[in-house]
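Peer 1: Just model.cif, nothing more (mmCIF, C-alpha atoms):
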data_data
#
loop_
_atom_site.label_atom_id
_atom_site.label_comp_id
_atom_site.auth_asym_id
_atom_site.auth_seq_id
_atom_site.Cartn_x
_atom_site.Cartn_y
_atom_site.Cartn_z
CA MET A 565 13.99 30.70 18.31
CA LEU A 566 15.66 29.63 21.54
CA THR A 567 16.49 33.15 22.67
CA ARG A 568 12.87 34.23 22.37
CA LYS A 569 11.84 31.21 24.46
CA VAL A 570 14.32 32.16 27.20
CA LEU A 571 13.16 35.78 27.20
CA ASP A 572 9.50 34.74 27.24
CA GLU A 573 10.19 32.63 30.31
CA VAL A 574 12.03 35.52 31.98
CA SER A 575 9.13 37.83 31.13
CA ASN A 576 6.71 35.42 32.79
CA LEU A 577 8.89 35.29 35.91
CA VAL A 578 9.55 39.06 36.00
CA PRO A 579 6.55 40.82 34.44
CA ALA A 580 8.05 44.25 35.15
CA ALA A 581 11.02 43.53 32.87
CA ARG A 582 10.88 45.58 29.67
CA LEU A 583 11.90 43.68 26.58
CA ALA A 584 12.65 45.20 23.20
CA GLU A 585 13.55 43.34 20.05
CA LEU A 586 15.73 44.90 17.38
CA ASP A 587 15.62 43.66 13.80
CA VAL A 588 19.25 44.17 12.82
CA VAL A 589 18.46 43.74 9.13
CA HIS A 590 15.94 46.58 9.11
CA ASP A 591 17.63 48.78 11.71
CA SER A 592 21.32 48.24 11.06
CA ALA A 593 22.27 51.73 12.27
CA GLU A 594 20.77 51.09 15.72
CA ALA A 595 22.42 47.66 15.83
CA GLU A 596 25.76 49.26 15.04
CA ARG A 597 25.27 51.90 17.77
CA ALA A 598 24.48 49.08 20.23
CA GLY A 599 27.60 47.18 19.20
CA ILE A 600 25.62 44.17 17.98
CA ARG A 601 27.76 42.13 15.62
CA SER A 602 25.97 38.78 15.72
CA THR A 603 22.54 37.42 16.38
CA PRO A 604 21.15 36.61 18.74
CA THR A 605 22.57 39.15 21.13
CA VAL A 606 20.87 39.92 24.43
CA VAL A 607 21.74 43.16 26.22
CA VAL A 608 20.47 44.07 29.69
CA THR A 609 20.71 47.69 30.75
CA ARG A 610 19.81 49.80 33.73
CA ASP A 611 17.14 52.48 33.34
CA ASP A 612 19.90 55.01 32.62
CA GLY A 613 21.16 52.90 29.70
CA THR A 614 24.23 51.49 31.46
CA GLU A 615 24.92 48.00 30.17
CA VAL A 616 25.16 45.32 32.87
CA PHE A 617 25.05 42.17 30.73
CA ARG A 618 25.64 41.10 27.15
CA ALA A 619 25.30 37.62 25.71
CA GLU A 620 26.17 36.82 22.12
CA GLY A 621 24.27 33.61 21.59
CA VAL A 622 21.49 32.14 23.66
CA PRO A 623 21.73 33.00 27.37
CA SER A 624 20.23 30.83 30.07
CA VAL A 625 17.19 31.94 32.03
CA ASN A 626 19.39 32.13 35.14
CA GLN A 627 21.92 34.39 33.39
CA VAL A 628 19.19 36.83 32.38
CA LEU A 629 17.60 36.78 35.85
CA VAL A 630 20.97 37.56 37.48
CA ALA A 631 21.52 40.35 34.96
CA LEU A 632 18.11 41.82 35.75
CA ALA A 633 18.95 41.75 39.46
CA LYS A 634 22.16 43.66 38.71
CA ALA A 635 20.21 46.19 36.67
CA VAL A 636 17.99 47.33 39.53
#
Show this structure as structure tokens.
Peer 2:
Amino acid sequence: MLTRKVLDEVSNLVPAARLAELDVVHDSAEAERAGIRSTPTVVVTRDDGTEVFRAEGVPSVNQVLVALAKAV
């Protein structure tokens, strides 16, 4: 999966980043609460849960890195 590859690269560059994967088939209620309507969807939030970035589809490494910078 391309998204996983991007997030793995981001994780290698920013080891402190916390990544969580949601299986929307098995946890549809949580996916609905998060507003996830398609996969892949990548959401970056601040520690308080405020969303700073959302990509429906495969984001670039640079997009995720910028989003992480906005989250701190």
Peer 1: Can you list, as a PyMOL selection string, the residues that the PyMOL selection byres ((chain A and resi 605) around 7) selects here?
Peer 2: chain A and resi 600+602-604+606-607+619-621
Peer 1: For C-alpha atoms, I'd like the residues from the last selection saved as a PDB file, keeping the file's coordinate frame.
Peer 2:
ATOM      1  CA  ILE A 600      25.620  44.170  17.980  1.00  0.00           C
ATOM      2  CA  SER A 602      25.970  38.780  15.720  1.00  0.00           C
ATOM      3  CA  THR A 603      22.540  37.420  16.380  1.00  0.00           C
ATOM      4  CA  PRO A 604      21.150  36.610  18.740  1.00  0.00           C
ATOM      5  CA  VAL A 606      20.870  39.920  24.430  1.00  0.00           C
ATOM      6  CA  VAL A 607      21.740  43.160  26.220  1.00  0.00           C
ATOM      7  CA  ALA A 619      25.300  37.620  25.710  1.00  0.00           C
ATOM      8  CA  GLU A 620      26.170  36.820  22.120  1.00  0.00           C
ATOM      9  CA  GLY A 621      24.270  33.610  21.590  1.00  0.00           C
TER      10      GLY A 621
END
Peer 1: Please enumerate the residues selected by the PyMOL selection byres ((chain A and resi 588) around 12) when evaluated against the supplied file, formatted as a list of chain:residue names.
Peer 2: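 What the PyMOL selection byres ((chain A and resi 588) around 12) grabs from the file is A:Glu585, A:Leu586, A:Asp587, A:Val589, A:His590, A:Asp591, A:Ser592, A:Ala593, A:Glu594, A:Ala595, A:Glu596, A:Arg597, A:Ala598, A:Gly599, A:Ile600, A:Arg601, A:Ser602, A:Thr603, A:Pro604, A:Thr605.
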Peer 1: May I have the residues from that selection written out with C-alpha atoms, as a tab-separated table (two decimals), in the coordinates of the input?
Peer 2:
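Below you can see part11.tsv, which holds the result:
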chain	number	residue	atom	x	y	z
A	585	GLU	CA	13.55	43.34	20.05
A	586	LEU	CA	15.73	44.90	17.38
A	587	ASP	CA	15.62	43.66	13.80
A	589	VAL	CA	18.46	43.74	9.13
A	590	HIS	CA	15.94	46.58	9.11
A	591	ASP	CA	17.63	48.78	11.71
A	592	SER	CA	21.32	48.24	11.06
A	593	ALA	CA	22.27	51.73	12.27
A	594	GLU	CA	20.77	51.09	15.72
A	595	ALA	CA	22.42	47.66	15.83
A	596	GLU	CA	25.76	49.26	15.04
A	597	ARG	CA	25.27	51.90	17.77
A	598	ALA	CA	24.48	49.08	20.23
A	599	GLY	CA	27.60	47.18	19.20
A	600	ILE	CA	25.62	44.17	17.98
A	601	ARG	CA	27.76	42.13	15.62
A	602	SER	CA	25.97	38.78	15.72
A	603	THR	CA	22.54	37.42	16.38
A	604	PRO	CA	21.15	36.61	18.74
A	605	THR	CA	22.57	39.15	21.13
Peer 1: Enumerate, as a list in words, the residues matched when the PyMOL selection byres ((chain A and resi 629) around 10) is run on the file above.
Peer 2: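 The output of the PyMOL selection byres ((chain A and resi 629) around 10) on this file is Leu571, Val574, Ser575, Leu577, Val578, Ala581, Val608, Ser624, Val625, Asn626, Gln627, Val628, Val630, Ala631, Leu632, Ala633, Lys634 and Ala635 of chain A.
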Peer 1: Include C-alpha atoms and write out the residues we just selected as a PDB file, in the coordinates of the input.
Peer 2:
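Listed below is the output, part26.pdb:
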ATOM      1  CA  LEU A 571      13.160  35.780  27.200  1.00  0.00           C
ATOM      2  CA  VAL A 574      12.030  35.520  31.980  1.00  0.00           C
ATOM      3  CA  SER A 575       9.130  37.830  31.130  1.00  0.00           C
ATOM      4  CA  LEU A 577       8.890  35.290  35.910  1.00  0.00           C
ATOM      5  CA  VAL A 578       9.550  39.060  36.000  1.00  0.00           C
ATOM      6  CA  ALA A 581      11.020  43.530  32.870  1.00  0.00           C
ATOM      7  CA  VAL A 608      20.470  44.070  29.690  1.00  0.00           C
ATOM      8  CA  SER A 624      20.230  30.830  30.070  1.00  0.00           C
ATOM      9  CA  VAL A 625      17.190  31.940  32.030  1.00  0.00           C
ATOM     10  CA  ASN A 626      19.390  32.130  35.140  1.00  0.00           C
ATOM     11  CA  GLN A 627      21.920  34.390  33.390  1.00  0.00           C
ATOM     12  CA  VAL A 628      19.190  36.830  32.380  1.00  0.00           C
ATOM     13  CA  VAL A 630      20.970  37.560  37.480  1.00  0.00           C
ATOM     14  CA  ALA A 631      21.520  40.350  34.960  1.00  0.00           C
ATOM     15  CA  LEU A 632      18.110  41.820  35.750  1.00  0.00           C
ATOM     16  CA  ALA A 633      18.950  41.750  39.460  1.00  0.00           C
ATOM     17  CA  LYS A 634      22.160  43.660  38.710  1.00  0.00           C
ATOM     18  CA  ALA A 635      20.210  46.190  36.670  1.00  0.00           C
TER      19      ALA A 635
END
Peer 1: So that all listed atoms of stretch 587-597 of chain A fit with 6 Å spare on each side, what axis-aligned box centre and edge lengths in Å, to one decimal, would you give as JSON?
Peer 2:
{"center_x": 20.7, "center_y": 47.8, "center_z": 13.4, "size_x": 22.1, "size_y": 20.2, "size_z": 20.7}
Peer 1: Suppose you want the space between atom CA of A:Asn576 and atom CA of A:Asp611; what is it in Å?
Peer 2: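 Distance between the two atoms: 20.0 Å.
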Peer 1: Between atom CA of A:Asp612 and atom CA of A:Met565, what distance in Å does the model show, to one decimal?
Peer 2: 28.8 Å
Peer 1: So how far away is atom CA of A:Pro623 from atom CA of A:Val570, in Å?
Peer 2: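 Value for the atom CA of A:Val570-atom CA of A:Pro623 distance: 7.5 Å.
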